[in-house]
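Enquirer: Okay, here's the structure, questions in a sec.
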Amino acid sequence: MTDSLFQRLGDMSMPTKATDVDPTILTLAPLDPARDTMLALFAAACNFELGPAWAVANAGTPLAGQSVVQDTWPGQPSAEVVRQRAGSFPMLFLSRDSGKYDDFSLARKQLTQTWGLHYIMSPIDVGDTRKLQDILVRVGATIMATIERKGHPAYQNGDAVLWSVYLATLNITSAVVGQAKFADGAKDAPLYHSLSMELVSTEIVEPLQGTAAPWLGTGYSVSTGNADGMIQPFVQFDSEAYAPQLAPWAVDSIPPATQGNIQVDTGTGNIQVDPSTGTIQVGL
Amino acid sequence: MRDPAKMLDRYRRIAWHYRHLPGDFGLREHTVVLLQTVFSGAQTGEAAKTETLAKLLEKDGRNPKVRWVSEEEIALGSLAAGSIKVGPITPDFSIGGTPMSSLRASTLASKGTYHLLVTGPMHPNTVKYKLIGIEGHQALHRYLVAEPVADYVAPAVVTPATPNNVQVNTADGTVQTNTADGNVQVGL
């Protein structure tokens, strides 16, 4: 492909190719890796952290034998989904809701994205509500802690996957515990106990190497004058120089292991640390 | 003393023997098919889909009644325009009828989907409906209420590709199958 868009918004890379679609799955879901990664991460974290206590308390309830997150759906918890799809509760939903494209800097755009995250239990009676309702607030707390850590040991070996999908920021902005109906206002619809959260993320545009040289920066020099001559430069300014995106929030990410020798030049001589042997040599 | 279960069976048998008569005279033009779809991927809609279709029929293979609900029913029932009501459907009894489990798709696997397919003068190319409700509280008949979703497209024969280089470790050595070129190599 020679004429196309070459950039990345978060983890959404352009140009889009046919090979982006996994031939064994046959969906366009890989075009938005962040959503499915977040959903799988949160489900794994909740099941790992809350699963043992949940399994003790849910015996004898309609949710016995179910995991804390038994099912997931990458979309809104609408009547459309519940009426057409055989779901298993409790169920975790995640969807991109409203978003705003604006300037991250002079040269780069960003998408500020609002996400809807809904955790929904099946209808339960008042006795089972007493048994199980507090899972709702703990699911929210678990997801918050997972976001702060950018990953969880129960998902992909604890890798900081929220960093890997290029979410520059991700925060929970609200959480509401309550009850929800799925029947568009029908009075006879059952009530589902639920936790509804709103998340806001930022995904930043980055240029990608294409067939043309990548943009590195732009300098501006404005002069003025007349037939007698030019006064220059009248105004001079430069755009920012492109640099690979940093993830300032990933302060707790684990740096890659240091390979080989480390040398520190002190005033009195070199100090060499060999991490493979643990040897320290001074004055080389 | 009358046995209520036998009496119920008798009444349903009567309904079964008369409910199909409009169909005999060609007055039930719309066919209704119960469609269950399961997917081989991890999530609904992923990878290959398998459809199970079962016609909803009264005695002698006649179609049930299908009617489009009135504007008043749409308003009162919070239904979408174009909603339909299917029935009366004779509940199952000793020699016929349709069990509630079939109407509810009770055995549908998790993450599968359930729809009604309606074909007839109103929908020559078949339209897919989603089930909104079942009126099942009466002993001699059931009704299904459904809203239109989309045109129905029979599944294309698209089989997800098998990943290249499938390795099988047998007792006498490794067997490697490269699906790209069809080669099979033994003892790698």
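Within each chain, counting starts at residue 1; across the structure tokens, chains are named A, B, ... in the order shown, with ligands numbered 1 upward in that order.
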What are the DSSP alpha helix (DSSP H) residues of region 113-160 of chain A, as a list in words?

Expert: Val126, Gly127, Asp128, Thr129, Arg130, Lys131, Leu132, Ile135, Leu136, Val137, Arg138, Val139, Gly140, Ala141, Thr142, Ile143, Met144, Ala145, Thr146, Ile147, Glu148 and Arg149 of chain A

Enquirer: Write out, as JSON lines, each residue of chain A that has an atom at most 7 Å from chain B, together with the closest pair of atoms and their distance in Å to one decimal, counting only C-alpha atoms, rows going by chain and rising number.

Expert:
{"residue": "A:Pro23", "atom": "CA", "partner": "B:Ala161", "partner_atom": "CA", "distance": 5.5}
{"residue": "A:Thr24", "atom": "CA", "partner": "B:Pro160", "partner_atom": "CA", "distance": 4.6}
{"residue": "A:Ile25", "atom": "CA", "partner": "B:Ala47", "partner_atom": "CA", "distance": 4.1}
{"residue": "A:Leu26", "atom": "CA", "partner": "B:Ala47", "partner_atom": "CA", "distance": 5.4}
{"residue": "A:Thr27", "atom": "CA", "partner": "B:Glu46", "partner_atom": "CA", "distance": 6.2}
{"residue": "A:Arg83", "atom": "CA", "partner": "B:Leu131", "partner_atom": "CA", "distance": 6.5}
{"residue": "A:Gln84", "atom": "CA", "partner": "B:Thr113", "partner_atom": "CA", "distance": 5.3}
{"residue": "A:Arg85", "atom": "CA", "partner": "B:Thr113", "partner_atom": "CA", "distance": 4.3}
{"residue": "A:Ala86", "atom": "CA", "partner": "B:Lys111", "partner_atom": "CA", "distance": 5.0}
{"residue": "A:Gly87", "atom": "CA", "partner": "B:Lys111", "partner_atom": "CA", "distance": 5.6}
{"residue": "A:Ser88", "atom": "CA", "partner": "B:Ser110", "partner_atom": "CA", "distance": 6.5}

Enquirer: Would you list the contacts of Asn125 (chain B) as a PyMOL selection string, taking every protein, DNA or RNA residue within 10 Å and counting only C-alpha atoms, but skipping same-chain residues closer than 4 positions in sequence?

Expert: chain B and resi 118-121+151-153

Enquirer: Return the single residue from A:Asp11, A:Asp238, A:Asp102, A:Asp159 that is closest to Leu208 (chain A), with distances computed using only C-alpha atoms.

Expert: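 Checking each of A:Asp11, A:Asp238, A:Asp102, A:Asp159 against Leu208 (chain A), counting only C-alpha atoms, the winner is A:Asp11.
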
Enquirer: Hey, what's within 6 Å of Gln110 (chain A) if we count only C-alpha atoms and toss same-chain stuff fewer than 2 positions away? As a list in words, please?

Expert: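 Returned residues: Tyr101, Asp102, Asp103, Phe104, Glu203, Ile204 and Val205 of chain A.
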
Enquirer: Any chance you could export the current selection's all heavy atoms as a PDB file, in the first residue's frame?

Expert:
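File written: result_39.pdb
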ATOM      1  N   TYR A 101     -12.391  14.359  20.091  1.00  0.00           N
ATOM      2  CA  TYR A 101     -11.095  14.539  19.454  1.00  0.00           C
ATOM      3  C   TYR A 101     -10.663  15.985  19.644  1.00  0.00           C
ATOM      4  O   TYR A 101     -11.403  16.902  19.285  1.00  0.00           O
ATOM      5  CB  TYR A 101     -11.173  14.221  17.962  1.00  0.00           C
ATOM      6  CG  TYR A 101     -11.343  12.743  17.655  1.00  0.00           C
ATOM      7  CD1 TYR A 101     -12.608  12.185  17.506  1.00  0.00           C
ATOM      8  CD2 TYR A 101     -10.243  11.913  17.529  1.00  0.00           C
ATOM      9  CE1 TYR A 101     -12.773  10.837  17.238  1.00  0.00           C
ATOM     10  CE2 TYR A 101     -10.389  10.569  17.257  1.00  0.00           C
ATOM     11  CZ  TYR A 101     -11.649  10.039  17.107  1.00  0.00           C
ATOM     12  OH  TYR A 101     -11.798   8.708  16.842  1.00  0.00           O
ATOM     13  N   ASP A 102      -9.516  16.186  20.216  1.00  0.00           N
ATOM     14  CA  ASP A 102      -8.998  17.540  20.362  1.00  0.00           C
ATOM     15  C   ASP A 102      -7.476  17.515  20.316  1.00  0.00           C
ATOM     16  O   ASP A 102      -6.877  16.496  19.968  1.00  0.00           O
ATOM     17  CB  ASP A 102      -9.531  18.202  21.644  1.00  0.00           C
ATOM     18  CG  ASP A 102      -9.221  17.385  22.885  1.00  0.00           C
ATOM     19  OD1 ASP A 102      -8.465  16.397  22.764  1.00  0.00           O
ATOM     20  OD2 ASP A 102      -9.731  17.717  23.960  1.00  0.00           O
ATOM     21  N   ASP A 103      -6.863  18.640  20.667  1.00  0.00           N
ATOM     22  CA  ASP A 103      -5.410  18.758  20.530  1.00  0.00           C
ATOM     23  C   ASP A 103      -4.709  18.274  21.789  1.00  0.00           C
ATOM     24  O   ASP A 103      -5.002  18.738  22.891  1.00  0.00           O
ATOM     25  CB  ASP A 103      -5.028  20.215  20.260  1.00  0.00           C
ATOM     26  CG  ASP A 103      -5.536  20.680  18.920  1.00  0.00           C
ATOM     27  OD1 ASP A 103      -5.612  19.850  18.008  1.00  0.00           O
ATOM     28  OD2 ASP A 103      -5.870  21.879  18.802  1.00  0.00           O
ATOM     29  N   PHE A 104      -3.774  17.359  21.582  1.00  0.00           N
ATOM     30  CA  PHE A 104      -2.882  16.984  22.679  1.00  0.00           C
ATOM     31  C   PHE A 104      -1.743  17.998  22.757  1.00  0.00           C
ATOM     32  O   PHE A 104      -1.296  18.379  23.827  1.00  0.00           O
ATOM     33  CB  PHE A 104      -2.335  15.573  22.438  1.00  0.00           C
ATOM     34  CG  PHE A 104      -1.232  15.184  23.372  1.00  0.00           C
ATOM     35  CD1 PHE A 104      -1.487  14.947  24.715  1.00  0.00           C
ATOM     36  CD2 PHE A 104       0.060  15.054  22.905  1.00  0.00           C
ATOM     37  CE1 PHE A 104      -0.462  14.592  25.576  1.00  0.00           C
ATOM     38  CE2 PHE A 104       1.085  14.688  23.766  1.00  0.00           C
ATOM     39  CZ  PHE A 104       0.821  14.462  25.103  1.00  0.00           C
ATOM     40  N   GLU A 203      -6.156   8.591  24.369  1.00  0.00           N
ATOM     41  CA  GLU A 203      -5.329   7.916  23.375  1.00  0.00           C
ATOM     42  C   GLU A 203      -4.754   8.979  22.447  1.00  0.00           C
ATOM     43  O   GLU A 203      -5.493   9.824  21.944  1.00  0.00           O
ATOM     44  CB  GLU A 203      -6.158   6.897  22.600  1.00  0.00           C
ATOM     45  CG  GLU A 203      -6.600   5.724  23.456  1.00  0.00           C
ATOM     46  CD  GLU A 203      -7.845   5.033  22.923  1.00  0.00           C
ATOM     47  OE1 GLU A 203      -8.950   5.568  23.120  1.00  0.00           O
ATOM     48  OE2 GLU A 203      -7.708   3.967  22.326  1.00  0.00           O
ATOM     49  N   ILE A 204      -3.465   8.941  22.236  1.00  0.00           N
ATOM     50  CA  ILE A 204      -2.759  10.009  21.540  1.00  0.00           C
ATOM     51  C   ILE A 204      -2.284   9.523  20.173  1.00  0.00           C
ATOM     52  O   ILE A 204      -1.877   8.374  20.021  1.00  0.00           O
ATOM     53  CB  ILE A 204      -1.563  10.493  22.380  1.00  0.00           C
ATOM     54  CG1 ILE A 204      -2.071  10.992  23.748  1.00  0.00           C
ATOM     55  CG2 ILE A 204      -0.787  11.587  21.671  1.00  0.00           C
ATOM     56  CD1 ILE A 204      -0.973  11.261  24.746  1.00  0.00           C
ATOM     57  N   VAL A 205      -2.369  10.431  19.211  1.00  0.00           N
ATOM     58  CA  VAL A 205      -1.927  10.104  17.846  1.00  0.00           C
ATOM     59  C   VAL A 205      -0.405  10.103  17.779  1.00  0.00           C
ATOM     60  O   VAL A 205       0.253  10.988  18.325  1.00  0.00           O
ATOM     61  CB  VAL A 205      -2.503  11.128  16.853  1.00  0.00           C
ATOM     62  CG1 VAL A 205      -1.803  10.997  15.499  1.00  0.00           C
ATOM     63  CG2 VAL A 205      -3.993  10.935  16.692  1.00  0.00           C
TER      64      VAL A 205
END

Enquirer: Please extract the residues of region 38-132 of chain B with a backbone DSSP assignment of strand (DSSP E or B) and present them as a PyMOL selection string.

Expert: chain B and resi 38-39+49-55+58+62+66-68+84-89+91+93+96+98+113-120+123-132

Enquirer: Just want the 9 Å neighbourhood of Pro123 (chain A), counted on only C-alpha atoms, with same-chain residues fewer than 5 positions away dropped. Output as a PyMOL selection string.

Expert: chain A and resi 62+190-193

Enquirer: Would you mind exporting the chosen residues as an mmCIF file, in the first residue's frame, restricted to C-alpha atoms?

Expert:
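Dumped everything to result_24.cif:
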data_model
loop_
_atom_site.group_PDB
_atom_site.id
_atom_site.type_symbol
_atom_site.label_atom_id
_atom_site.label_comp_id
_atom_site.auth_asym_id
_atom_site.auth_seq_id
_atom_site.Cartn_x
_atom_site.Cartn_y
_atom_site.Cartn_z
ATOM 1 C CA PRO A 62 -29.181 -18.737 41.788
ATOM 2 C CA PRO A 190 -37.043 -8.016 36.548
ATOM 3 C CA LEU A 191 -34.524 -5.872 38.385
ATOM 4 C CA TYR A 192 -30.866 -6.715 38.060
ATOM 5 C CA HIS A 193 -28.427 -5.591 40.723
#

Enquirer: Extract, using only C-alpha atoms, all DNA, RNA and protein residues at most 9 Å from Gln7 (chain A), discarding same-chain residues fewer than 2 positions from it, and format them as a PyMOL selection string.

Expert: chain A and resi 5+9+12-15+205-210

Enquirer: What would the file look like if the residues just selected were written as an mmCIF file, in the first residue's frame with all heavy atoms?

Expert:
data_model
loop_
_atom_site.group_PDB
_atom_site.id
_atom_site.type_symbol
_atom_site.label_atom_id
_atom_site.label_comp_id
_atom_site.auth_asym_id
_atom_site.auth_seq_id
_atom_site.Cartn_x
_atom_site.Cartn_y
_atom_site.Cartn_z
ATOM 1 N N LEU A 5 -2.963 6.360 5.059
ATOM 2 C CA LEU A 5 -2.695 7.064 6.303
ATOM 3 C C LEU A 5 -1.747 6.212 7.131
ATOM 4 O O LEU A 5 -1.962 5.013 7.275
ATOM 5 C CB LEU A 5 -3.995 7.294 7.066
ATOM 6 C CG LEU A 5 -5.071 8.075 6.323
ATOM 7 C CD1 LEU A 5 -6.364 8.059 7.119
ATOM 8 C CD2 LEU A 5 -4.616 9.503 6.075
ATOM 9 N N LEU A 9 -3.533 5.784 16.591
ATOM 10 C CA LEU A 9 -4.295 6.462 17.637
ATOM 11 C C LEU A 9 -4.453 5.452 18.764
ATOM 12 O O LEU A 9 -5.195 4.478 18.630
ATOM 13 C CB LEU A 9 -5.659 6.895 17.108
ATOM 14 C CG LEU A 9 -6.620 7.449 18.161
ATOM 15 C CD1 LEU A 9 -6.040 8.682 18.833
ATOM 16 C CD2 LEU A 9 -7.965 7.779 17.531
ATOM 17 N N MET A 12 -4.700 1.760 17.852
ATOM 18 C CA MET A 12 -5.406 1.568 16.572
ATOM 19 C C MET A 12 -4.487 2.071 15.452
ATOM 20 O O MET A 12 -4.332 3.269 15.270
ATOM 21 C CB MET A 12 -6.731 2.326 16.580
ATOM 22 C CG MET A 12 -7.710 1.786 17.610
ATOM 23 S SD MET A 12 -9.290 2.649 17.638
ATOM 24 C CE MET A 12 -8.907 4.036 18.709
ATOM 25 N N SER A 13 -3.881 1.130 14.748
ATOM 26 C CA SER A 13 -2.879 1.485 13.753
ATOM 27 C C SER A 13 -3.505 1.624 12.375
ATOM 28 O O SER A 13 -4.395 0.867 12.003
ATOM 29 C CB SER A 13 -1.783 0.413 13.710
ATOM 30 O OG SER A 13 -1.101 0.366 14.934
ATOM 31 N N MET A 14 -3.001 2.608 11.637
ATOM 32 C CA MET A 14 -3.384 2.782 10.245
ATOM 33 C C MET A 14 -2.133 2.682 9.386
ATOM 34 O O MET A 14 -1.074 3.134 9.829
ATOM 35 C CB MET A 14 -4.066 4.133 10.056
ATOM 36 C CG MET A 14 -5.426 4.211 10.705
ATOM 37 S SD MET A 14 -6.215 5.784 10.399
ATOM 38 C CE MET A 14 -6.090 6.535 12.012
ATOM 39 N N PRO A 15 -2.200 2.157 8.200
ATOM 40 C CA PRO A 15 -3.411 1.725 7.503
ATOM 41 C C PRO A 15 -3.930 0.380 8.022
ATOM 42 O O PRO A 15 -3.168 -0.415 8.559
ATOM 43 C CB PRO A 15 -2.944 1.584 6.054
ATOM 44 C CG PRO A 15 -1.488 1.299 6.162
ATOM 45 C CD PRO A 15 -1.007 2.046 7.364
ATOM 46 N N VAL A 205 -2.369 10.431 19.211
ATOM 47 C CA VAL A 205 -1.927 10.104 17.846
ATOM 48 C C VAL A 205 -0.405 10.103 17.779
ATOM 49 O O VAL A 205 0.253 10.988 18.325
ATOM 50 C CB VAL A 205 -2.503 11.128 16.853
ATOM 51 C CG1 VAL A 205 -1.803 10.997 15.499
ATOM 52 C CG2 VAL A 205 -3.993 10.935 16.692
ATOM 53 N N GLU A 206 0.117 9.120 17.107
ATOM 54 C CA GLU A 206 1.552 9.076 16.830
ATOM 55 C C GLU A 206 1.740 8.773 15.353
ATOM 56 O O GLU A 206 1.020 7.945 14.798
ATOM 57 C CB GLU A 206 2.231 7.960 17.619
ATOM 58 C CG GLU A 206 2.382 8.225 19.089
ATOM 59 C CD GLU A 206 3.172 7.119 19.748
ATOM 60 O OE1 GLU A 206 4.265 6.798 19.244
ATOM 61 O OE2 GLU A 206 2.695 6.569 20.745
ATOM 62 N N PRO A 207 2.702 9.416 14.730
ATOM 63 C CA PRO A 207 2.978 9.054 13.336
ATOM 64 C C PRO A 207 3.664 7.704 13.261
ATOM 65 O O PRO A 207 4.392 7.315 14.170
ATOM 66 C CB PRO A 207 3.914 10.176 12.861
ATOM 67 C CG PRO A 207 4.558 10.673 14.109
ATOM 68 C CD PRO A 207 3.561 10.496 15.215
ATOM 69 N N LEU A 208 3.415 7.002 12.176
ATOM 70 C CA LEU A 208 4.072 5.727 11.945
ATOM 71 C C LEU A 208 4.909 5.827 10.681
ATOM 72 O O LEU A 208 4.620 6.618 9.786
ATOM 73 C CB LEU A 208 3.042 4.607 11.779
ATOM 74 C CG LEU A 208 2.224 4.213 13.010
ATOM 75 C CD1 LEU A 208 1.206 3.159 12.628
ATOM 76 C CD2 LEU A 208 3.130 3.686 14.100
ATOM 77 N N GLN A 209 5.905 5.000 10.623
ATOM 78 C CA GLN A 209 6.762 4.977 9.438
ATOM 79 C C GLN A 209 5.953 4.462 8.253
ATOM 80 O O GLN A 209 5.408 3.365 8.299
ATOM 81 C CB GLN A 209 7.948 4.054 9.679
ATOM 82 C CG GLN A 209 8.922 3.975 8.531
ATOM 83 C CD GLN A 209 9.898 5.141 8.540
ATOM 84 O OE1 GLN A 209 10.419 5.496 9.575
ATOM 85 N NE2 GLN A 209 10.119 5.729 7.390
ATOM 86 N N GLY A 210 5.858 5.269 7.197
ATOM 87 C CA GLY A 210 5.164 4.828 5.998
ATOM 88 C C GLY A 210 6.106 4.838 4.827
ATOM 89 O O GLY A 210 7.320 4.688 4.990
#

Enquirer: Set the distance at 12 Å and use only C-alpha atoms: which residues neighbour Leu8 (chain B) once local chain neighbours fewer than 2 positions away are removed? I'd like the list as a list in words.

Expert: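 Skipping anything fewer than 2 positions along the chain leaves Arg2, Asp3, Pro4, Ala5, Lys6, Arg10, Tyr11, Arg12, Arg13, Ile14, Ala15, Thr90, Pro91, Asp92, Phe93, Ser94, Gln138, Ala139, Leu140 and His141 of chain B.
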
Enquirer: Counting only C-alpha atoms, figure out which residue out of A:Gln232, A:Thr224, A:Thr37, A:Thr61 gets nearest to Met121 (chain A).

Expert: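 Of all the options, A:Thr61 lies closest to Met121 (chain A).
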
Enquirer: Tell me which of A:Ala180, A:Trp163, A:Arg149, A:Ala18 sits closest to Ala79 (chain A), counting only C-alpha atoms.

Expert: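 Ranked by minimum distance to Ala79 (chain A), first place goes to A:Ala180.
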
Enquirer: Could you state the separation of CA of Gly116 (chain A) and CA of Phe93 (chain A) in Å, given to one decimal place?

Expert: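 Going from CA of Gly116 (chain A) over to CA of Phe93 (chain A) covers 7.7 Å.
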